[in-house]
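Novice: Sharing work_16.tsv here; it has TSV, C-alpha atoms and all ligand atoms.
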```
chain	number	residue	atom	x	y	z
A	1	MET	CA	2.90	20.48	-67.69
A	2	PRO	CA	0.72	22.98	-65.73
A	3	ASP	CA	2.56	25.28	-63.34
A	4	PHE	CA	2.41	24.89	-59.55
A	5	TRP	CA	-0.52	27.29	-58.95
A	6	GLU	CA	-2.60	25.77	-61.71
A	7	VAL	CA	-2.03	22.32	-60.24
A	8	LEU	CA	-2.96	23.58	-56.77
A	9	TYR	CA	-6.15	25.33	-57.86
A	10	THR	CA	-7.37	22.58	-60.20
A	11	ARG	CA	-6.63	19.48	-58.13
A	12	ARG	CA	-9.96	17.80	-57.58
A	13	SER	CA	-11.49	14.75	-56.00
A	14	ILE	CA	-12.21	12.49	-58.95
A	15	ARG	CA	-14.97	9.95	-58.34
A	16	GLU	CA	-15.65	8.77	-61.88
A	17	PHE	CA	-13.03	7.00	-63.96
A	18	LYS	CA	-12.93	5.54	-67.46
A	19	LYS	CA	-13.25	1.87	-66.59
A	20	GLY	CA	-10.44	-0.16	-68.07
A	21	ALA	CA	-8.51	2.91	-69.32
A	22	PRO	CA	-4.89	2.10	-68.52
A	23	VAL	CA	-2.47	4.54	-66.93
A	24	GLU	CA	1.11	4.31	-68.13
A	25	PRO	CA	3.22	2.62	-65.41
A	26	TRP	CA	5.76	5.46	-65.46
A	27	LYS	CA	3.01	7.86	-64.39
A	28	ILE	CA	2.02	5.70	-61.42
A	29	GLU	CA	5.71	5.48	-60.51
A	30	LYS	CA	6.07	9.26	-60.78
A	31	ILE	CA	3.08	9.72	-58.44
A	32	LEU	CA	4.62	7.30	-55.94
A	33	ASP	CA	7.96	9.07	-56.26
A	34	ALA	CA	6.27	12.34	-55.28
A	35	ALA	CA	5.42	10.72	-51.93
A	36	ARG	CA	9.10	10.16	-51.17
A	37	TRP	CA	9.75	13.89	-51.14
A	38	ALA	CA	7.31	14.71	-48.36
A	39	PRO	CA	8.79	16.07	-45.14
A	40	SER	CA	8.83	14.02	-41.93
A	41	PRO	CA	10.35	14.43	-38.47
A	42	GLU	CA	14.04	13.47	-38.46
A	43	ASN	CA	13.41	12.42	-42.06
A	44	MET	CA	11.89	9.20	-40.77
A	45	GLN	CA	9.64	8.70	-43.81
A	46	TYR	CA	6.90	6.84	-41.98
A	47	TRP	CA	4.79	6.31	-45.10
A	48	ARG	CA	4.42	2.95	-46.79
A	49	MET	CA	2.27	2.29	-49.84
A	50	VAL	CA	0.47	-0.81	-51.08
A	51	LEU	CA	-0.52	-0.81	-54.75
A	52	VAL	CA	-3.71	-2.62	-55.63
A	53	ARG	CA	-4.24	-3.52	-59.28
A	54	ASP	CA	-6.06	-6.81	-58.91
A	55	GLN	CA	-9.66	-6.25	-60.05
A	56	GLU	CA	-11.12	-8.55	-57.39
A	57	MET	CA	-9.32	-6.63	-54.66
A	58	LYS	CA	-10.45	-3.30	-56.13
A	59	GLU	CA	-14.02	-4.62	-56.00
A	60	TYR	CA	-13.55	-5.74	-52.40
A	61	ILE	CA	-12.44	-2.20	-51.56
A	62	ALA	CA	-15.45	-0.81	-53.47
A	63	ASP	CA	-17.81	-3.13	-51.54
A	64	MET	CA	-16.43	-1.89	-48.21
A	65	ALA	CA	-16.67	1.71	-49.40
A	66	GLN	CA	-20.27	1.25	-50.49
A	67	GLU	CA	-21.30	-0.50	-47.26
A	68	HIS	CA	-19.74	2.12	-45.05
A	69	GLY	CA	-20.92	5.00	-47.28
A	70	ALA	CA	-24.49	3.79	-46.91
A	71	THR	CA	-24.01	3.85	-43.12
A	72	VAL	CA	-22.40	7.28	-43.04
A	73	PHE	CA	-25.02	8.92	-45.28
A	74	GLY	CA	-27.97	6.54	-45.59
A	75	ASN	CA	-28.95	6.70	-41.94
A	76	PHE	CA	-29.63	10.43	-41.91
A	77	PRO	CA	-32.60	12.51	-43.07
A	78	TYR	CA	-32.26	14.11	-46.47
A	79	GLU	CA	-32.13	17.65	-45.06
A	80	ILE	CA	-29.16	16.84	-42.84
A	81	VAL	CA	-27.24	15.14	-45.64
A	82	GLU	CA	-28.00	18.08	-47.90
A	83	ASP	CA	-26.62	20.43	-45.27
A	84	ARG	CA	-23.45	18.37	-44.99
A	85	LEU	CA	-23.02	18.38	-48.76
A	86	TRP	CA	-23.75	22.11	-49.17
A	87	TYR	CA	-20.70	22.58	-51.38
A	88	ILE	CA	-22.05	20.40	-54.18
A	89	PRO	CA	-23.73	22.58	-56.86
A	90	GLU	CA	-27.49	22.59	-56.33
A	91	LYS	CA	-28.32	21.21	-59.77
A	92	SER	CA	-26.46	17.96	-59.13
A	93	ARG	CA	-26.89	17.72	-55.33
A	94	ALA	CA	-30.02	15.53	-55.27
A	95	ALA	CA	-28.50	13.00	-57.68
A	96	VAL	CA	-25.27	12.86	-55.67
A	97	ILE	CA	-27.20	12.40	-52.41
A	98	GLU	CA	-29.19	9.55	-53.92
A	99	ARG	CA	-25.91	7.77	-54.65
A	100	ALA	CA	-24.51	8.65	-51.23
A	101	TYR	CA	-27.58	7.10	-49.59
A	102	ASP	CA	-27.01	3.67	-51.12
A	103	GLY	CA	-23.23	4.10	-51.08
A	104	THR	CA	-22.76	3.59	-54.84
A	105	LEU	CA	-21.11	7.03	-55.03
A	106	PHE	CA	-18.09	5.53	-53.28
A	107	ARG	CA	-17.52	2.50	-55.49
A	108	TYR	CA	-15.09	4.36	-57.75
A	109	PRO	CA	-11.96	2.43	-56.67
A	110	GLU	CA	-13.26	-0.47	-58.79
A	111	ASP	CA	-13.04	1.66	-61.95
A	112	ALA	CA	-9.58	3.05	-61.21
A	113	ASP	CA	-6.40	1.80	-62.86
A	114	THR	CA	-4.61	1.53	-59.52
A	115	VAL	CA	-5.60	1.95	-55.91
A	116	ILE	CA	-2.85	3.21	-53.64
A	117	VAL	CA	-3.28	2.37	-49.98
A	118	PRO	CA	-1.08	4.77	-48.00
A	119	CYS	CA	-0.14	3.43	-44.60
A	120	ALA	CA	1.50	5.04	-41.59
A	121	ASN	CA	4.25	2.77	-40.31
A	122	THR	CA	3.94	3.19	-36.55
A	123	THR	CA	6.69	0.64	-35.94
A	124	ALA	CA	9.48	2.64	-37.60
A	125	PHE	CA	12.49	3.09	-35.32
A	126	ASP	CA	12.62	2.40	-31.61
A	127	ILE	CA	12.86	6.06	-30.77
A	128	THR	CA	9.24	6.78	-31.64
A	129	PRO	CA	8.06	6.50	-28.00
A	130	ALA	CA	10.21	9.59	-27.37
A	131	TYR	CA	7.69	11.58	-29.39
A	132	PRO	CA	4.83	12.58	-27.13
A	133	SER	CA	2.38	12.23	-30.00
A	134	SER	CA	4.07	9.64	-32.15
A	135	THR	CA	0.95	8.44	-33.96
A	136	GLU	CA	0.16	12.05	-34.79
A	137	VAL	CA	3.53	12.70	-36.44
A	138	MET	CA	3.26	9.48	-38.46
A	139	VAL	CA	-0.21	10.33	-39.66
A	140	VAL	CA	0.74	13.94	-40.42
A	141	SER	CA	3.81	12.83	-42.37
A	142	THR	CA	1.86	10.25	-44.36
A	143	SER	CA	-0.81	12.87	-45.06
A	144	MET	CA	1.87	15.09	-46.56
A	145	ALA	CA	2.94	12.21	-48.79
A	146	ILE	CA	-0.71	11.78	-49.82
A	147	GLN	CA	-1.02	15.43	-50.78
A	148	ASN	CA	2.22	15.25	-52.81
A	149	MET	CA	0.74	12.28	-54.72
A	150	TRP	CA	-2.58	14.05	-55.24
A	151	LEU	CA	-0.88	17.11	-56.73
A	152	ALA	CA	1.43	14.94	-58.85
A	153	THR	CA	-1.62	13.10	-60.20
A	154	ARG	CA	-3.17	16.40	-61.27
A	155	ALA	CA	0.11	17.57	-62.82
A	156	LEU	CA	0.07	14.41	-64.95
A	157	ASN	CA	-3.51	15.14	-66.08
A	158	LEU	CA	-4.86	12.10	-64.27
A	159	GLY	CA	-7.48	11.87	-61.54
A	160	MET	CA	-7.30	10.84	-57.89
A	161	GLY	CA	-10.18	10.13	-55.54
A	162	TYR	CA	-9.65	9.93	-51.79
A	163	ASP	CA	-11.95	7.16	-50.59
A	164	ALA	CA	-11.61	6.93	-46.84
A	165	LEU	CA	-14.66	4.74	-46.37
A	166	PRO	CA	-12.95	1.32	-46.63
A	167	CYS	CA	-10.90	2.44	-43.58
A	168	GLY	CA	-13.80	4.41	-42.16
A	169	ASP	CA	-14.34	2.29	-39.06
A	170	HIS	CA	-12.12	0.01	-36.99
A	171	ARG	CA	-13.64	-3.23	-38.25
A	172	ARG	CA	-13.22	-2.37	-41.93
A	173	ARG	CA	-9.75	-0.93	-41.37
A	174	GLU	CA	-8.68	-4.23	-39.78
A	175	LYS	CA	-10.29	-6.28	-42.55
A	176	LEU	CA	-8.45	-4.23	-45.18
A	177	ALA	CA	-5.16	-4.55	-43.26
A	178	ASP	CA	-5.64	-8.34	-43.08
A	179	LYS	CA	-6.53	-8.65	-46.76
A	180	LEU	CA	-3.37	-6.72	-47.72
A	181	GLY	CA	-1.19	-8.67	-45.29
A	182	LEU	CA	-0.15	-5.58	-43.33
A	183	PRO	CA	1.86	-6.27	-40.20
A	184	ARG	CA	0.52	-4.99	-36.90
A	185	GLY	CA	1.44	-1.37	-36.38
A	186	VAL	CA	1.14	-0.54	-40.05
A	187	PHE	CA	-1.96	1.55	-40.22
A	188	PRO	CA	-3.87	1.98	-43.54
A	189	LEU	CA	-5.04	5.58	-43.67
A	190	THR	CA	-7.24	5.56	-46.74
A	191	THR	CA	-7.54	4.34	-50.32
A	192	LEU	CA	-6.50	6.55	-53.25
A	193	ALA	CA	-8.05	5.66	-56.58
A	194	VAL	CA	-5.92	6.74	-59.54
A	195	GLY	CA	-7.11	6.67	-63.12
A	196	VAL	CA	-8.24	8.48	-66.22
A	197	PRO	CA	-11.11	10.83	-65.28
A	198	LEU	CA	-14.40	10.14	-67.05
A	199	PHE	CA	-14.73	13.86	-67.75
A	200	PRO	CA	-12.58	16.89	-66.92
A	201	ARG	CA	-13.41	18.58	-63.60
A	202	THR	CA	-11.87	21.90	-62.84
A	203	ALA	CA	-14.56	23.90	-61.01
A	204	THR	CA	-13.58	23.66	-57.37
A	205	PRO	CA	-16.10	23.52	-54.53
A	206	ALA	CA	-16.27	26.81	-52.64
A	207	ARG	CA	-13.70	27.35	-49.93
A	208	TYR	CA	-14.01	29.56	-46.86
A	209	PRO	CA	-12.36	32.95	-47.37
A	210	LEU	CA	-9.12	33.69	-45.52
A	211	GLU	CA	-11.13	35.75	-43.00
A	212	GLY	CA	-12.97	32.56	-42.05
A	213	ILE	CA	-9.89	30.49	-41.27
A	214	VAL	CA	-7.10	32.85	-40.21
A	215	TYR	CA	-6.90	35.00	-37.10
A	216	GLU	CA	-4.42	37.78	-36.58
A	217	GLU	CA	-2.29	37.65	-33.39
A	218	TYR	CA	-5.06	36.06	-31.30
A	219	TRP	CA	-8.01	33.73	-31.80
A	220	GLY	CA	-11.13	35.58	-32.91
A	221	ASN	CA	-9.41	38.60	-34.47
A	222	PRO	CA	-10.04	37.98	-38.19
A	223	TYR	CA	-7.19	38.34	-40.63
A	224	LYS	CA	-7.86	41.17	-43.08
A	225	ARG	CA	-6.84	40.54	-46.66
A	226	LEU	CA	-4.34	43.05	-48.07
A	227	ALA	CA	-6.93	44.30	-50.59
A	228	PHE	CA	-9.22	45.37	-47.73
A	229	ARG	CA	-6.61	47.20	-45.69
A	230	LYS	CA	-6.33	50.99	-45.69
A	231	LYS	CA	-3.61	52.20	-48.01
A	232	GLY	CA	-0.78	54.35	-46.74
B	301	LIG	C1	-9.25	13.19	-44.88
B	301	LIG	C2	-10.14	13.20	-46.10
B	301	LIG	C3	-11.13	12.25	-46.21
B	301	LIG	C4	-11.95	12.22	-47.34
B	301	LIG	N1	-12.84	11.19	-47.47
B	301	LIG	C5	-13.54	11.09	-48.61
B	301	LIG	C6	-14.36	9.94	-48.83
B	301	LIG	O1	-14.39	9.00	-48.03
B	301	LIG	N2	-15.10	9.88	-49.95
B	301	LIG	C7	-15.05	10.88	-50.90
B	301	LIG	O2	-15.75	10.76	-51.90
B	301	LIG	N3	-14.26	11.97	-50.74
B	301	LIG	C8	-13.49	12.08	-49.62
B	301	LIG	N4	-12.64	13.16	-49.46
B	301	LIG	C9	-12.60	14.22	-50.49
B	301	LIG	C10	-13.36	15.48	-50.05
B	301	LIG	O3	-14.74	15.27	-50.14
B	301	LIG	C11	-12.93	16.64	-50.95
B	301	LIG	O4	-11.54	16.82	-50.81
B	301	LIG	C12	-13.63	17.95	-50.63
B	301	LIG	O5	-15.02	17.85	-50.82
B	301	LIG	C13	-13.10	19.09	-51.52
B	301	LIG	O6	-13.23	18.78	-52.91
B	301	LIG	P1	-11.97	18.70	-53.87
B	301	LIG	O7	-11.01	17.67	-53.33
B	301	LIG	O8	-12.52	18.29	-55.21
B	301	LIG	O9	-11.35	20.05	-53.91
B	301	LIG	C14	-11.80	13.21	-48.35
B	301	LIG	C15	-10.81	14.17	-48.22
B	301	LIG	C16	-9.97	14.15	-47.11
B	301	LIG	C17	-8.86	15.18	-47.02
```
Using the file provided, produce a representation of the structure as structure tokens.
Specialist:
Amino acid sequence: MPDFWEVLYTRRSIREFKKGAPVEPWKIEKILDAARWAPSPENMQYWRMVLVRDQEMKEYIADMAQEHGATVFGNFPYEIVEDRLWYIPEKSRAAVIERAYDGTLFRYPEDADTVIVPCANTTAFDITPAYPSSTEVMVVSTSMAIQNMWLATRALNLGMGYDALPCGDHRRREKLADKLGLPRGVFPLTTLAVGVPLFPRTATPARYPLEGIVYEEYWGNPYKRLAFRKKG
């Protein structure tokens, strides 16, 4: 089992799975169990998960992802899409953009062993109106559960792809909620495809340096990494 830092630095978005390669049920259960340990306000545990294993349903999800992907990318000039996808290595960028244009890049849930649909339960407990931003805390908590599952997937040497496109607009989000029989107030956040990666991916897309995302004491005063500070 890789250690915590290795898991953190090598977790990737996996968008290609070995079709039909099964994942042992105990591993899926372990991933789901990781969600339970996420923090939440007053330990309210707003997250709920729906597991999708039915192939027809996975294909329905893939169809919605493709349709919406083609809208999100296909309607823009190449140069703009290329700018948005700057972090993809240049040698593979054109091929990826081609598949983003027609949306096929986002069909990967159909090749996954299991698709987890994490939902924020906005109906949990009557006290929620007391929170000034109750939807926010539910979504933040469920996001923490998602990240736990993503890291757990990597620790188990499996792959997870975050495919937000089936929930990418209100109409599709409602269609997905209906298809899964979700009650009103239970809000599907995304779809998480889990499976055996087609090939290992460890090189991580570039991240901004700390100086680009952290300010010291006040906004605009860049944080200086310890290595760049004067000694003494
Ligand atoms: C809120 C959120 C939405 C995302 N939506 C999608 C998506 O719809 N399709 C997709 O292929 N990747 C999606 N991703 C994955 C990002 O593209 C990916 O995390 C980012 O490029 C960094 O790459 P890495 O996860 O491999 O480190 C999403 C990630 C997050 C956190």
Novice: Of the candidates A:Ala145, A:Val52, A:Ile28, A:Met160, which shows the shortest atom-to-atom distance to ligand LIG 301 (chain B), using only C-alpha atoms and all ligand atoms?
Specialist: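 Ranked by minimum distance to ligand LIG 301 (chain B), first place goes to A:Met160.
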Novice: Once you count only C-alpha atoms and all ligand atoms, which residues end up within 10 Å of ligand LIG 301 (chain B), and could you hand them over as a PDB file with C-alpha atoms, keeping the file's coordinate frame?
Specialist:
```pdb
ATOM      1  CA  LEU A   8      -2.960  23.580 -56.770  1.00  0.00           C
ATOM      2  CA  TYR A   9      -6.150  25.330 -57.860  1.00  0.00           C
ATOM      3  CA  THR A  10      -7.370  22.580 -60.200  1.00  0.00           C
ATOM      4  CA  ARG A  11      -6.630  19.480 -58.130  1.00  0.00           C
ATOM      5  CA  ARG A  12      -9.960  17.800 -57.580  1.00  0.00           C
ATOM      6  CA  SER A  13     -11.490  14.750 -56.000  1.00  0.00           C
ATOM      7  CA  ILE A  14     -12.210  12.490 -58.950  1.00  0.00           C
ATOM      8  CA  ARG A  15     -14.970   9.950 -58.340  1.00  0.00           C
ATOM      9  CA  ALA A  65     -16.670   1.710 -49.400  1.00  0.00           C
ATOM     10  CA  HIS A  68     -19.740   2.120 -45.050  1.00  0.00           C
ATOM     11  CA  GLY A  69     -20.920   5.000 -47.280  1.00  0.00           C
ATOM     12  CA  VAL A  72     -22.400   7.280 -43.040  1.00  0.00           C
ATOM     13  CA  LEU A  85     -23.020  18.380 -48.760  1.00  0.00           C
ATOM     14  CA  TRP A  86     -23.750  22.110 -49.170  1.00  0.00           C
ATOM     15  CA  TYR A  87     -20.700  22.580 -51.380  1.00  0.00           C
ATOM     16  CA  ILE A  88     -22.050  20.400 -54.180  1.00  0.00           C
ATOM     17  CA  ALA A 100     -24.510   8.650 -51.230  1.00  0.00           C
ATOM     18  CA  LEU A 105     -21.110   7.030 -55.030  1.00  0.00           C
ATOM     19  CA  PHE A 106     -18.090   5.530 -53.280  1.00  0.00           C
ATOM     20  CA  ARG A 107     -17.520   2.500 -55.490  1.00  0.00           C
ATOM     21  CA  TYR A 108     -15.090   4.360 -57.750  1.00  0.00           C
ATOM     22  CA  SER A 143      -0.810  12.870 -45.060  1.00  0.00           C
ATOM     23  CA  ILE A 146      -0.710  11.780 -49.820  1.00  0.00           C
ATOM     24  CA  GLN A 147      -1.020  15.430 -50.780  1.00  0.00           C
ATOM     25  CA  TRP A 150      -2.580  14.050 -55.240  1.00  0.00           C
ATOM     26  CA  MET A 160      -7.300  10.840 -57.890  1.00  0.00           C
ATOM     27  CA  GLY A 161     -10.180  10.130 -55.540  1.00  0.00           C
ATOM     28  CA  TYR A 162      -9.650   9.930 -51.790  1.00  0.00           C
ATOM     29  CA  ASP A 163     -11.950   7.160 -50.590  1.00  0.00           C
ATOM     30  CA  ALA A 164     -11.610   6.930 -46.840  1.00  0.00           C
ATOM     31  CA  LEU A 165     -14.660   4.740 -46.370  1.00  0.00           C
ATOM     32  CA  PRO A 166     -12.950   1.320 -46.630  1.00  0.00           C
ATOM     33  CA  CYS A 167     -10.900   2.440 -43.580  1.00  0.00           C
ATOM     34  CA  GLY A 168     -13.800   4.410 -42.160  1.00  0.00           C
ATOM     35  CA  LEU A 189      -5.040   5.580 -43.670  1.00  0.00           C
ATOM     36  CA  THR A 190      -7.240   5.560 -46.740  1.00  0.00           C
ATOM     37  CA  THR A 191      -7.540   4.340 -50.320  1.00  0.00           C
ATOM     38  CA  LEU A 192      -6.500   6.550 -53.250  1.00  0.00           C
ATOM     39  CA  ARG A 201     -13.410  18.580 -63.600  1.00  0.00           C
ATOM     40  CA  THR A 202     -11.870  21.900 -62.840  1.00  0.00           C
ATOM     41  CA  ALA A 203     -14.560  23.900 -61.010  1.00  0.00           C
ATOM     42  CA  THR A 204     -13.580  23.660 -57.370  1.00  0.00           C
ATOM     43  CA  PRO A 205     -16.100  23.520 -54.530  1.00  0.00           C
ATOM     44  CA  ALA A 206     -16.270  26.810 -52.640  1.00  0.00           C
ATOM     45  CA  ARG A 207     -13.700  27.350 -49.930  1.00  0.00           C
TER      46      ARG A 207
END
```
Novice: For atom CA of Val117 of chain A and atom CA of Val81 of chain A, quote the distance in Å rounded to one decimal.
Specialist: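 Rounded to one decimal, the two atoms are 27.5 Å apart.
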Novice: Between A:Tyr223, A:Pro118, A:Val96, A:Asp63, which has the minimum distance to Leu51 of chain A (counting all atoms listed in the file)?
Specialist: A:Pro118
Novice: Could you name the residues that touch Val140 of chain A at 12 Å or less, counting all atoms listed in the file, but leaving out those on the same chain fewer than 4 positions away, as a PDB file with C-alpha atoms, in the frame of the given file?
Specialist:
```pdb
ATOM      1  CA  ALA A  38       7.310  14.710 -48.360  1.00  0.00           C
ATOM      2  CA  PRO A  39       8.790  16.070 -45.140  1.00  0.00           C
ATOM      3  CA  SER A  40       8.830  14.020 -41.930  1.00  0.00           C
ATOM      4  CA  PRO A  41      10.350  14.430 -38.470  1.00  0.00           C
ATOM      5  CA  GLN A  45       9.640   8.700 -43.810  1.00  0.00           C
ATOM      6  CA  TYR A  46       6.900   6.840 -41.980  1.00  0.00           C
ATOM      7  CA  TRP A  47       4.790   6.310 -45.100  1.00  0.00           C
ATOM      8  CA  CYS A 119      -0.140   3.430 -44.600  1.00  0.00           C
ATOM      9  CA  ALA A 120       1.500   5.040 -41.590  1.00  0.00           C
ATOM     10  CA  ASN A 121       4.250   2.770 -40.310  1.00  0.00           C
ATOM     11  CA  THR A 122       3.940   3.190 -36.550  1.00  0.00           C
ATOM     12  CA  SER A 133       2.380  12.230 -30.000  1.00  0.00           C
ATOM     13  CA  SER A 134       4.070   9.640 -32.150  1.00  0.00           C
ATOM     14  CA  THR A 135       0.950   8.440 -33.960  1.00  0.00           C
ATOM     15  CA  GLU A 136       0.160  12.050 -34.790  1.00  0.00           C
ATOM     16  CA  MET A 144       1.870  15.090 -46.560  1.00  0.00           C
ATOM     17  CA  ALA A 145       2.940  12.210 -48.790  1.00  0.00           C
ATOM     18  CA  ILE A 146      -0.710  11.780 -49.820  1.00  0.00           C
ATOM     19  CA  GLN A 147      -1.020  15.430 -50.780  1.00  0.00           C
ATOM     20  CA  LEU A 189      -5.040   5.580 -43.670  1.00  0.00           C
TER      21      LEU A 189
END
```
Novice: Return the single residue from A:Leu226, A:Leu176, A:Val7, A:Leu158 that is closest to Asp113 of chain A, with distances computed using all atoms listed in the file.
Specialist: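 Of the candidates, the smallest distance to Asp113 of chain A is held by A:Leu158.
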Novice: Within 10 Å of (-13.4, 5.9, -67.0) in the file's own coordinates, which protein, DNA or RNA residues have an atom, counting all atoms listed in the file? List them as an mmCIF file with C-alpha atoms, keeping the file's coordinate frame.
Specialist:
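Output file out_30.cif is given in full below:
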```
data_model
loop_
_atom_site.group_PDB
_atom_site.id
_atom_site.type_symbol
_atom_site.label_atom_id
_atom_site.label_comp_id
_atom_site.auth_asym_id
_atom_site.auth_seq_id
_atom_site.Cartn_x
_atom_site.Cartn_y
_atom_site.Cartn_z
ATOM 1 C CA ARG A 15 -14.970 9.950 -58.340
ATOM 2 C CA GLU A 16 -15.650 8.770 -61.880
ATOM 3 C CA PHE A 17 -13.030 7.000 -63.960
ATOM 4 C CA LYS A 18 -12.930 5.540 -67.460
ATOM 5 C CA LYS A 19 -13.250 1.870 -66.590
ATOM 6 C CA GLY A 20 -10.440 -0.160 -68.070
ATOM 7 C CA ALA A 21 -8.510 2.910 -69.320
ATOM 8 C CA PRO A 22 -4.890 2.100 -68.520
ATOM 9 C CA TYR A 108 -15.090 4.360 -57.750
ATOM 10 C CA ASP A 111 -13.040 1.660 -61.950
ATOM 11 C CA ALA A 112 -9.580 3.050 -61.210
ATOM 12 C CA ASP A 113 -6.400 1.800 -62.860
ATOM 13 C CA GLY A 195 -7.110 6.670 -63.120
ATOM 14 C CA VAL A 196 -8.240 8.480 -66.220
ATOM 15 C CA PRO A 197 -11.110 10.830 -65.280
ATOM 16 C CA LEU A 198 -14.400 10.140 -67.050
ATOM 17 C CA PHE A 199 -14.730 13.860 -67.750
#
```
Novice: So that I can check the surroundings of Glu29 of chain A, please list as an mmCIF file with C-alpha atoms, in the coordinates of the input every protein, DNA and RNA residue that reaches within 12 Å of it, counting all atoms listed in the file and ignoring chain neighbours fewer than 3 positions away.
Specialist:
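In the end it all went to result-v3.cif:
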```cif
data_model
loop_
_atom_site.group_PDB
_atom_site.id
_atom_site.type_symbol
_atom_site.label_atom_id
_atom_site.label_comp_id
_atom_site.auth_asym_id
_atom_site.auth_seq_id
_atom_site.Cartn_x
_atom_site.Cartn_y
_atom_site.Cartn_z
ATOM 1 C CA VAL A 23 -2.470 4.540 -66.930
ATOM 2 C CA GLU A 24 1.110 4.310 -68.130
ATOM 3 C CA PRO A 25 3.220 2.620 -65.410
ATOM 4 C CA TRP A 26 5.760 5.460 -65.460
ATOM 5 C CA LEU A 32 4.620 7.300 -55.940
ATOM 6 C CA ASP A 33 7.960 9.070 -56.260
ATOM 7 C CA ALA A 34 6.270 12.340 -55.280
ATOM 8 C CA ALA A 35 5.420 10.720 -51.930
ATOM 9 C CA ARG A 36 9.100 10.160 -51.170
ATOM 10 C CA MET A 49 2.270 2.290 -49.840
ATOM 11 C CA LEU A 51 -0.520 -0.810 -54.750
ATOM 12 C CA THR A 114 -4.610 1.530 -59.520
ATOM 13 C CA ILE A 116 -2.850 3.210 -53.640
ATOM 14 C CA MET A 149 0.740 12.280 -54.720
ATOM 15 C CA ALA A 152 1.430 14.940 -58.850
ATOM 16 C CA THR A 153 -1.620 13.100 -60.200
ATOM 17 C CA LEU A 156 0.070 14.410 -64.950
ATOM 18 C CA VAL A 194 -5.920 6.740 -59.540
#
```
Novice: Which residue is closest to Pro77 of chain A? Choose from A:Trp219, A:Glu98, A:Gly159, A:Ala227 and count all atoms listed in the file.
Specialist: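 Counting all atoms listed in the file, the residue closest to Pro77 of chain A is A:Glu98.
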Novice: Can you report as JSON the centre and edge lengths in Å, to one decimal, of an axis-aligned box around the listed atoms of segment 42-56 of chain A padded with 4 Å on each side?
Specialist:
```
{"center_x": 1.5, "center_y": 2.5, "center_z": -49.3, "size_x": 33.2, "size_y": 30.0, "size_z": 29.6}
```
Novice: Anything within 12 Å of (-3.4, -5.6, -40.4): list those residues as a PyMOL selection string, counting only C-alpha atoms and sticking to the file's coordinates.
Specialist: chain A and resi 119-121+167+170-189
Novice: From the set A:Thr123, A:Met57, A:Glu110, A:Ala70, which residue has the shortest atom-to-atom contact distance to Ile97 of chain A, counting all atoms listed in the file?
Specialist: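 Between A:Thr123, A:Met57, A:Glu110, A:Ala70, the residue approaching Ile97 of chain A most closely is A:Ala70.
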Novice: If you measure from atom CA of Val139 of chain A to atom CA of Glu42 of chain A, what distance in Å do you get, rounded to one decimal?
Specialist: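 About the pair atom CA of Val139 of chain A and atom CA of Glu42 of chain A: they are 14.6 Å apart.
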Novice: Would you compute the distance between atom CA of Ile213 of chain A and atom CA of Arg225 of chain A? Give it in Å to one decimal.
Specialist: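 Interatomic distance here is 11.8 Å.
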Novice: Compare A:Asp3, A:Lys91, A:Gly103, A:Ala62 by their minimum atom-to-atom distance to Asn75 of chain A, counting all atoms listed in the file, and give me the closest one.
Specialist: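 Closest candidate: A:Gly103.
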